[in-house]
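What follows is the content of work27.cif (mmCIF, C-alpha atoms and all ligand atoms).
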data_final
#
loop_
_atom_site.label_atom_id
_atom_site.label_comp_id
_atom_site.auth_asym_id
_atom_site.auth_seq_id
_atom_site.Cartn_x
_atom_site.Cartn_y
_atom_site.Cartn_z
CA MET A 1 9.36 -3.98 9.96
CA ILE A 2 9.77 -4.34 6.20
CA GLU A 3 13.24 -4.89 4.75
CA ILE A 4 13.87 -4.72 1.02
CA THR A 5 17.45 -5.58 0.07
CA ARG A 6 18.94 -5.24 -3.41
CA LEU A 7 15.63 -6.15 -5.02
CA THR A 8 15.57 -6.53 -8.79
CA LYS A 9 12.65 -7.54 -10.98
CA ARG A 10 12.75 -7.58 -14.77
CA TYR A 11 9.97 -7.97 -17.29
CA GLY A 12 11.14 -9.09 -20.73
CA GLY A 13 14.72 -8.20 -19.81
CA LYS A 14 13.75 -4.66 -18.85
CA PRO A 15 14.17 -3.82 -15.13
CA ALA A 16 10.94 -2.64 -13.48
CA VAL A 17 12.77 -2.55 -10.11
CA ASP A 18 16.53 -2.21 -10.16
CA ASP A 19 18.70 -2.98 -7.09
CA VAL A 20 16.24 -1.40 -4.64
CA SER A 21 16.95 -1.35 -0.88
CA PHE A 22 14.98 0.30 1.92
CA THR A 23 13.50 -0.42 5.34
CA VAL A 24 10.11 0.58 6.70
CA ARG A 25 10.01 1.08 10.45
CA PRO A 26 7.17 0.37 12.86
CA GLY A 27 5.38 3.20 14.61
CA ARG A 28 5.36 5.40 11.51
CA VAL A 29 3.39 5.83 8.33
CA THR A 30 5.71 5.55 5.33
CA GLY A 31 4.72 6.79 1.89
CA PHE A 32 6.07 4.92 -1.13
CA LEU A 33 6.02 7.59 -3.78
CA GLY A 34 6.79 7.77 -7.46
CA PRO A 35 5.27 8.56 -10.85
CA ASN A 36 3.21 6.01 -12.81
CA GLY A 37 5.35 3.09 -13.89
CA ALA A 38 8.13 3.84 -11.37
CA GLY A 39 8.08 0.34 -9.86
CA LYS A 40 5.89 0.74 -6.76
CA SER A 41 3.37 -2.02 -7.50
CA THR A 42 6.12 -4.38 -8.67
CA THR A 43 7.97 -3.91 -5.37
CA LEU A 44 4.76 -4.49 -3.37
CA ARG A 45 3.84 -7.56 -5.43
CA VAL A 46 7.21 -9.15 -4.71
CA LEU A 47 6.91 -8.20 -1.03
CA LEU A 48 3.51 -9.91 -0.88
CA GLY A 49 4.71 -13.07 -2.61
CA LEU A 50 2.73 -12.45 -5.80
CA ASP A 51 5.82 -12.20 -7.98
CA ARG A 52 9.27 -13.73 -7.76
CA PRO A 53 12.26 -11.39 -7.72
CA ASP A 54 15.17 -11.84 -10.14
CA GLY A 55 17.49 -10.81 -7.33
CA GLY A 56 17.50 -9.62 -3.73
CA THR A 57 15.00 -10.14 -0.90
CA ALA A 58 11.82 -8.60 0.45
CA LEU A 59 11.13 -9.51 4.09
CA ILE A 60 8.28 -8.88 6.51
CA GLY A 61 9.33 -9.29 10.13
CA GLY A 62 12.46 -11.10 8.92
CA ARG A 63 10.63 -13.62 6.70
CA ARG A 64 9.61 -13.87 3.08
CA TYR A 65 5.84 -13.70 2.65
CA ARG A 66 5.60 -17.34 1.63
CA ASP A 67 7.41 -18.38 4.85
CA LEU A 68 4.96 -16.55 7.14
CA ARG A 69 3.07 -18.89 9.43
CA HIS A 70 -0.04 -16.71 9.67
CA PRO A 71 0.16 -14.42 6.62
CA LEU A 72 -3.11 -12.53 7.14
CA ARG A 73 -2.39 -11.98 10.81
CA THR A 74 1.11 -10.71 9.99
CA VAL A 75 0.48 -8.48 7.00
CA GLY A 76 -2.69 -6.90 5.68
CA ALA A 77 -2.64 -5.76 2.09
CA LEU A 78 -4.68 -3.77 -0.38
CA LEU A 79 -3.57 -4.20 -3.96
CA ASP A 80 -5.12 -3.00 -7.20
CA GLY A 81 -7.33 -5.51 -8.91
CA ALA A 82 -7.85 -7.97 -6.06
CA GLY A 83 -11.57 -7.48 -5.62
CA PRO A 84 -14.39 -9.52 -4.08
CA VAL A 85 -16.96 -11.51 -6.07
CA PRO A 86 -19.53 -8.82 -7.13
CA GLU A 87 -22.53 -10.99 -6.25
CA ARG A 88 -21.37 -11.41 -2.68
CA ARG A 89 -22.53 -9.29 0.24
CA ALA A 90 -19.70 -7.35 1.89
CA VAL A 91 -20.20 -9.05 5.25
CA ASP A 92 -20.10 -12.50 3.61
CA HIS A 93 -16.92 -11.62 1.71
CA LEU A 94 -15.16 -10.64 4.94
CA THR A 95 -16.60 -13.59 6.88
CA TRP A 96 -15.25 -15.98 4.25
CA ILE A 97 -11.74 -14.49 4.55
CA ALA A 98 -11.97 -14.52 8.35
CA GLN A 99 -13.09 -18.15 8.49
CA SER A 100 -10.36 -19.35 6.16
CA ASN A 101 -7.76 -17.62 8.32
CA ARG A 102 -9.07 -18.55 11.78
CA ILE A 103 -10.01 -14.97 12.56
CA PRO A 104 -12.97 -14.57 14.97
CA ARG A 105 -16.26 -13.53 13.37
CA ARG A 106 -16.64 -10.50 15.63
CA ARG A 107 -13.58 -8.97 13.95
CA VAL A 108 -15.63 -8.71 10.72
CA HIS A 109 -18.01 -6.30 12.42
CA GLU A 110 -15.15 -4.38 14.01
CA VAL A 111 -13.44 -3.73 10.68
CA LEU A 112 -16.73 -2.81 8.96
CA GLU A 113 -17.23 -0.25 11.71
CA LEU A 114 -13.64 1.01 11.38
CA VAL A 115 -14.08 1.82 7.68
CA GLY A 116 -17.64 3.11 8.05
CA LEU A 117 -19.43 0.31 6.17
CA THR A 118 -21.62 -1.11 8.96
CA GLY A 119 -24.80 0.27 7.39
CA ALA A 120 -23.93 -1.20 3.97
CA ALA A 121 -22.60 -4.54 5.23
CA ARG A 122 -25.48 -6.59 3.80
CA GLN A 123 -25.44 -4.94 0.37
CA ARG A 124 -24.01 -6.85 -2.57
CA VAL A 125 -20.59 -5.58 -3.59
CA LYS A 126 -21.73 -4.98 -7.19
CA GLY A 127 -23.86 -2.10 -5.90
CA TYR A 128 -20.94 -0.48 -4.13
CA SER A 129 -19.36 2.76 -5.33
CA LEU A 130 -15.62 2.86 -6.05
CA GLY A 131 -15.02 4.48 -2.67
CA MET A 132 -17.04 1.81 -0.86
CA ARG A 133 -15.10 -0.95 -2.63
CA GLN A 134 -11.87 0.72 -1.62
CA ARG A 135 -13.03 0.86 2.02
CA LEU A 136 -14.05 -2.81 1.85
CA GLY A 137 -10.54 -3.63 0.61
CA ILE A 138 -9.06 -1.75 3.56
CA ALA A 139 -11.42 -3.61 5.91
CA ALA A 140 -10.13 -6.91 4.51
CA ALA A 141 -6.54 -5.77 5.04
CA LEU A 142 -7.36 -4.95 8.68
CA LEU A 143 -9.13 -8.25 9.39
CA GLY A 144 -6.15 -10.09 10.88
CA ASP A 145 -5.19 -7.06 13.02
CA PRO A 146 -1.75 -7.40 11.36
CA GLU A 147 1.57 -5.96 12.51
CA VAL A 148 2.21 -4.66 9.00
CA LEU A 149 -0.16 -2.91 6.60
CA VAL A 150 0.72 -2.55 2.91
CA LEU A 151 -1.70 -0.46 0.90
CA ASP A 152 -1.44 0.38 -2.80
CA GLU A 153 -3.12 3.75 -3.45
CA PRO A 154 -5.51 3.43 -0.46
CA VAL A 155 -7.36 6.71 -0.93
CA ASN A 156 -8.01 6.18 -4.63
CA GLY A 157 -11.67 6.94 -5.34
CA LEU A 158 -12.50 8.16 -1.85
CA ASP A 159 -14.33 11.41 -1.22
CA PRO A 160 -12.83 13.97 1.23
CA GLU A 161 -14.63 12.40 4.21
CA GLY A 162 -13.37 8.95 3.18
CA VAL A 163 -9.82 10.26 2.76
CA ARG A 164 -9.93 11.79 6.23
CA ARG A 165 -11.27 8.60 7.73
CA VAL A 166 -8.58 6.42 6.14
CA ARG A 167 -5.89 8.93 7.07
CA ASP A 168 -6.96 8.92 10.76
CA LEU A 169 -7.14 5.14 10.76
CA LEU A 170 -3.63 4.73 9.33
CA ARG A 171 -2.17 7.27 11.73
CA GLU A 172 -3.78 5.51 14.71
CA TYR A 173 -2.58 2.18 13.42
CA ALA A 174 1.01 3.38 13.19
CA ALA A 175 0.75 5.15 16.56
CA SER A 176 -0.01 1.78 18.14
CA GLY A 177 3.45 0.57 17.06
CA ARG A 178 2.53 -1.10 13.80
CA THR A 179 4.20 -0.67 10.40
CA VAL A 180 2.25 1.13 7.65
CA LEU A 181 3.46 1.39 4.06
CA LEU A 182 1.25 3.12 1.52
CA SER A 183 2.03 3.74 -2.10
CA SER A 184 0.86 6.76 -3.98
CA HIS A 185 1.61 9.01 -6.90
CA LEU A 186 -0.16 11.84 -5.10
CA MET A 187 2.49 13.57 -3.07
CA ALA A 188 0.42 16.34 -1.44
CA GLU A 189 -2.12 13.84 -0.19
CA THR A 190 0.58 11.52 1.14
CA ALA A 191 2.30 14.40 2.89
CA GLU A 192 -0.81 14.79 5.06
CA THR A 193 -0.59 11.18 6.23
CA ALA A 194 3.02 9.98 6.11
CA ASP A 195 5.93 10.60 8.46
CA ASP A 196 8.57 9.12 6.17
CA ALA A 197 8.83 8.79 2.43
CA ILE A 198 10.60 6.53 0.00
CA VAL A 199 10.74 7.98 -3.49
CA ILE A 200 11.19 5.69 -6.48
CA ALA A 201 11.69 6.70 -10.11
CA ARG A 202 12.41 4.43 -13.09
CA GLY A 203 12.90 1.46 -10.79
CA ARG A 204 15.47 3.08 -8.50
CA ILE A 205 15.22 4.70 -5.07
CA VAL A 206 15.99 8.40 -5.35
CA ALA A 207 15.22 9.53 -1.78
CA HIS A 208 14.40 8.00 1.58
CA GLY A 209 13.79 9.76 4.89
CA PRO A 210 11.45 11.90 6.96
CA LEU A 211 9.01 13.61 4.65
CA ALA A 212 9.66 17.00 6.18
CA GLY A 213 13.34 16.80 5.26
CA LEU A 214 12.77 15.90 1.62
CA SER A 215 11.53 19.30 0.54
CA ALA A 216 14.48 21.14 2.10
CA GLY A 217 16.19 23.29 -0.52
CA HIS A 218 13.47 22.78 -3.10
CA GLY A 219 10.99 25.51 -2.15
CA SER A 220 7.99 23.21 -2.04
CA LEU A 221 7.27 19.54 -1.62
CA GLU A 222 5.98 19.47 -5.18
CA SER A 223 9.16 20.81 -6.73
CA ALA A 224 11.21 18.48 -4.51
CA PHE A 225 9.42 15.47 -5.96
CA PHE A 226 9.67 16.65 -9.53
CA ALA A 227 13.38 17.29 -9.01
CA LEU A 228 13.93 13.89 -7.39
CA THR A 229 12.02 11.98 -10.04
CA GLY A 230 13.38 14.03 -12.93
CA ASP A 231 9.83 14.74 -13.96
CA ARG A 232 9.55 18.51 -13.75
CA GLU A 233 6.61 18.75 -16.13
CA GLY A 234 4.67 16.14 -14.20
CA ARG A 235 4.53 13.82 -17.21
CA GLY A 236 4.56 10.83 -14.91
CA GLY A 237 1.09 11.63 -13.61
CA TRP A 238 1.95 13.37 -10.35
N1 LIG A 301 3.39 -7.93 -15.57
C1 LIG A 301 4.16 -7.06 -16.21
N2 LIG A 301 4.65 -7.34 -17.43
C2 LIG A 301 5.45 -6.46 -18.10
N3 LIG A 301 5.81 -5.26 -17.61
C3 LIG A 301 5.35 -4.92 -16.40
C4 LIG A 301 4.50 -5.79 -15.63
N4 LIG A 301 4.21 -5.18 -14.45
C5 LIG A 301 4.84 -3.97 -14.51
N5 LIG A 301 5.52 -3.82 -15.65
C6 LIG A 301 6.33 -2.65 -16.03
O1 LIG A 301 7.20 -2.38 -14.96
C7 LIG A 301 7.33 -0.98 -14.75
C8 LIG A 301 6.91 -0.64 -13.30
O2 LIG A 301 5.50 -0.80 -13.16
P1 LIG A 301 4.73 -0.68 -11.78
O3 LIG A 301 3.33 -1.10 -12.03
O4 LIG A 301 5.51 -1.40 -10.75
O5 LIG A 301 4.81 0.87 -11.50
P2 LIG A 301 4.01 1.75 -10.43
O6 LIG A 301 5.02 2.66 -9.83
O7 LIG A 301 3.23 0.89 -9.54
O8 LIG A 301 3.04 2.61 -11.34
P3 LIG A 301 1.51 3.08 -11.11
O9 LIG A 301 1.56 4.29 -10.22
O10 LIG A 301 1.09 3.41 -12.50
O11 LIG A 301 0.76 1.93 -10.53
C9 LIG A 301 6.49 -0.31 -15.81
O12 LIG A 301 7.33 0.04 -16.89
C10 LIG A 301 5.50 -1.38 -16.23
O13 LIG A 301 5.12 -1.22 -17.55
#

As structure tokens, how would this structure be written, given the file I've shared?
Amino acid sequence: MIEITRLTKRYGGKPAVDDVSFTVRPGRVTGFLGPNGAGKSTTLRVLLGLDRPDGGTALIGGRRYRDLRHPLRTVGALLDGAGPVPERRAVDHLTWIAQSNRIPRRRVHEVLELVGLTGAARQRVKGYSLGMRQRLGIAAALLGDPEVLVLDEPVNGLDPEGVRRVRDLLREYAASGRTVLLSSHLMAETAETADDAIVIARGRIVAHGPLAGLSAGHGSLESAFFALTGDREGRGGW
């Protein structure tokens, strides 16, 4: 369970996230949707203890990230920009994370298999394609077999087979009673994966609920999102 309560984060006096509250329930995939610059990454960074809020709280299983006893075994995360050392082999990268978090070595091979990288495990990361790097990031997030998964744009750079694979994985993960939150600015793609959606625009939550219900009265999911975000021309990069 993720609980965000009255969260505010300002940069240079300007609110990036403004009095945001929502909960993310276990057993479901929840999409965190909004145009570029809406405040998704800022919210996730605060949730993962990478940024301090100016107000409010962001809790994982009732605790702030920094108060978690076994962070990697509680929450697995994929965030933009947090990549492995390019010279390192994928298997060594994961083994290093596993060892520093008391995760058994066999789990490294399990997660490589889960994301379809077993055959490329001994390659250096610098030779990986964007999609392979993305899958390696997801493998790292899965290492601790965490109760909560937080993924920023997880299908970015993946080909259709990769998208399907990640989608199946996330759905299975949620079906086993875990909490899955994934951010995206691609609504159609998220609609294929998510049960619930939280829509953010200009730092404020504009809708929250089962995805199916959000398009009611709008004709299509696409027009619902443009209406909700006030971005009918798609300027925000939808
Ligand atoms: N470190 C920072 N310093 C200054 N402004 C920032 C910083 N991080 C984010 N912002 C600003 O906060 C706002 C929200 O940005 P954020 O990255 O959270 O949006 P986002 O919804 O994740 O967008 P995207 O889909 O493009 O990743 C934007 O106006 C952005 O310019």

Listed atoms of range 14-28 of chain A boxed axis-aligned with 5 Å per side, centre + edges as JSON:
{"center_x": 12.0, "center_y": 0.4, "center_z": -2.1, "size_x": 23.3, "size_y": 20.1, "size_z": 43.5}

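Nearest residue to Leu170 in chain A, choosing from A:Thr42, A:Ser223, A:Thr30, A:Thr118 and counting only C-alpha atoms: A:Thr30.
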
Inset, instruction - Could I get the residue neighbourhood of ligand LIG 301 (chain A) at 12 Å, counting all atoms listed in the file, as a ChimeraX atom specification? - result: /A:8-18,32-47,50-52,79-81,151-154,156,182-187,198-205,229,235-238

Let's have the selection written as a PDB file, in the coordinates of the input, with C-alpha atoms.
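And here's again-v6.pdb as it stands now:
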ATOM      1  CA  THR A   8      15.570  -6.530  -8.790  1.00  0.00           C
ATOM      2  CA  LYS A   9      12.650  -7.540 -10.980  1.00  0.00           C
ATOM      3  CA  ARG A  10      12.750  -7.580 -14.770  1.00  0.00           C
ATOM      4  CA  TYR A  11       9.970  -7.970 -17.290  1.00  0.00           C
ATOM      5  CA  GLY A  12      11.140  -9.090 -20.730  1.00  0.00           C
ATOM      6  CA  GLY A  13      14.720  -8.200 -19.810  1.00  0.00           C
ATOM      7  CA  LYS A  14      13.750  -4.660 -18.850  1.00  0.00           C
ATOM      8  CA  PRO A  15      14.170  -3.820 -15.130  1.00  0.00           C
ATOM      9  CA  ALA A  16      10.940  -2.640 -13.480  1.00  0.00           C
ATOM     10  CA  VAL A  17      12.770  -2.550 -10.110  1.00  0.00           C
ATOM     11  CA  ASP A  18      16.530  -2.210 -10.160  1.00  0.00           C
ATOM     12  CA  PHE A  32       6.070   4.920  -1.130  1.00  0.00           C
ATOM     13  CA  LEU A  33       6.020   7.590  -3.780  1.00  0.00           C
ATOM     14  CA  GLY A  34       6.790   7.770  -7.460  1.00  0.00           C
ATOM     15  CA  PRO A  35       5.270   8.560 -10.850  1.00  0.00           C
ATOM     16  CA  ASN A  36       3.210   6.010 -12.810  1.00  0.00           C
ATOM     17  CA  GLY A  37       5.350   3.090 -13.890  1.00  0.00           C
ATOM     18  CA  ALA A  38       8.130   3.840 -11.370  1.00  0.00           C
ATOM     19  CA  GLY A  39       8.080   0.340  -9.860  1.00  0.00           C
ATOM     20  CA  LYS A  40       5.890   0.740  -6.760  1.00  0.00           C
ATOM     21  CA  SER A  41       3.370  -2.020  -7.500  1.00  0.00           C
ATOM     22  CA  THR A  42       6.120  -4.380  -8.670  1.00  0.00           C
ATOM     23  CA  THR A  43       7.970  -3.910  -5.370  1.00  0.00           C
ATOM     24  CA  LEU A  44       4.760  -4.490  -3.370  1.00  0.00           C
ATOM     25  CA  ARG A  45       3.840  -7.560  -5.430  1.00  0.00           C
ATOM     26  CA  VAL A  46       7.210  -9.150  -4.710  1.00  0.00           C
ATOM     27  CA  LEU A  47       6.910  -8.200  -1.030  1.00  0.00           C
ATOM     28  CA  LEU A  50       2.730 -12.450  -5.800  1.00  0.00           C
ATOM     29  CA  ASP A  51       5.820 -12.200  -7.980  1.00  0.00           C
ATOM     30  CA  ARG A  52       9.270 -13.730  -7.760  1.00  0.00           C
ATOM     31  CA  LEU A  79      -3.570  -4.200  -3.960  1.00  0.00           C
ATOM     32  CA  ASP A  80      -5.120  -3.000  -7.200  1.00  0.00           C
ATOM     33  CA  GLY A  81      -7.330  -5.510  -8.910  1.00  0.00           C
ATOM     34  CA  LEU A 151      -1.700  -0.460   0.900  1.00  0.00           C
ATOM     35  CA  ASP A 152      -1.440   0.380  -2.800  1.00  0.00           C
ATOM     36  CA  GLU A 153      -3.120   3.750  -3.450  1.00  0.00           C
ATOM     37  CA  PRO A 154      -5.510   3.430  -0.460  1.00  0.00           C
ATOM     38  CA  ASN A 156      -8.010   6.180  -4.630  1.00  0.00           C
ATOM     39  CA  LEU A 182       1.250   3.120   1.520  1.00  0.00           C
ATOM     40  CA  SER A 183       2.030   3.740  -2.100  1.00  0.00           C
ATOM     41  CA  SER A 184       0.860   6.760  -3.980  1.00  0.00           C
ATOM     42  CA  HIS A 185       1.610   9.010  -6.900  1.00  0.00           C
ATOM     43  CA  LEU A 186      -0.160  11.840  -5.100  1.00  0.00           C
ATOM     44  CA  MET A 187       2.490  13.570  -3.070  1.00  0.00           C
ATOM     45  CA  ILE A 198      10.600   6.530   0.000  1.00  0.00           C
ATOM     46  CA  VAL A 199      10.740   7.980  -3.490  1.00  0.00           C
ATOM     47  CA  ILE A 200      11.190   5.690  -6.480  1.00  0.00           C
ATOM     48  CA  ALA A 201      11.690   6.700 -10.110  1.00  0.00           C
ATOM     49  CA  ARG A 202      12.410   4.430 -13.090  1.00  0.00           C
ATOM     50  CA  GLY A 203      12.900   1.460 -10.790  1.00  0.00           C
ATOM     51  CA  ARG A 204      15.470   3.080  -8.500  1.00  0.00           C
ATOM     52  CA  ILE A 205      15.220   4.700  -5.070  1.00  0.00           C
ATOM     53  CA  THR A 229      12.020  11.980 -10.040  1.00  0.00           C
ATOM     54  CA  ARG A 235       4.530  13.820 -17.210  1.00  0.00           C
ATOM     55  CA  GLY A 236       4.560  10.830 -14.910  1.00  0.00           C
ATOM     56  CA  GLY A 237       1.090  11.630 -13.610  1.00  0.00           C
ATOM     57  CA  TRP A 238       1.950  13.370 -10.350  1.00  0.00           C
TER      58      TRP A 238
END

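Counting from CA of Pro146 in chain A, the distance to CA of Val75 in chain A is 5.0 Å.
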
Legend entry - Which residue of A:Asp196, A:Ala216, A:Asp67, A:His208 approaches Ser21 in chain A most closely, using all atoms listed in the file: A:His208

Legend entry - Interatomic distance, CA of Ala141 in chain A to CA of Ala90 in chain A (Å, one decimal):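 Spanning CA of Ala141 in chain A to CA of Ala90 in chain A is a straight-line distance of 13.6 Å.
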
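Counting only C-alpha atoms and comparing A:Ala174, A:Gly31, A:Gly144, A:Asp168, the residue that lies closest to Ala188 in chain A is A:Gly31.
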
Inset, instruction - Find the residues around Ser129 in chain A up to 12 Å (only C-alpha atoms counted), leave out those fewer than 2 positions away in its own chain, and share them as a count of residues only. - result: 18

Inset, instruction - Would you mind telling me which residue in A:Ala207, A:Val150, A:Ile2, A:Ala175 lies nearest to Gly62 in chain A when using all atoms listed in the file? - result: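 Nearest to Gly62 in chain A: A:Ile2.
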
Legend entry - Shortest interatomic distance to Arg106 in chain A - which of A:Val85, A:Val91, A:Arg164, A:Phe226, counting only C-alpha atoms: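 Answer, going by the shortest atom-to-atom distance: A:Val91.
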
Inset, instruction - Counting all atoms listed in the file, figure out which residue out of A:Ile60, A:Asp19, A:His70, A:Tyr128 gets nearest to Arg89 in chain A. - result: A:Tyr128

Legend entry - Between CA of Leu48 in chain A and CA of Arg28 in chain A, distance in Å (one decimal):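 Taking CA of Leu48 in chain A as the start and CA of Arg28 in chain A as the end point, the length is 19.8 Å.
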
Legend entry - Residue contacts of Leu72 in chain A (12 Å, only C-alpha atoms) excluding same-chain residues fewer than 3 positions away, as a list in words: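 Once the adjacent positions are removed, what remains is Leu48, Ile60, Tyr65, Arg66, Leu68, Arg69, Val75, Gly76, Ala77, Leu78, Ile97, Ala98, Gln99, Ser100, Asn101, Arg102, Ile103, Ala140, Ala141, Leu142, Leu143, Gly144, Asp145, Pro146, Glu147, Val148, Leu149 and Val150 of chain A.
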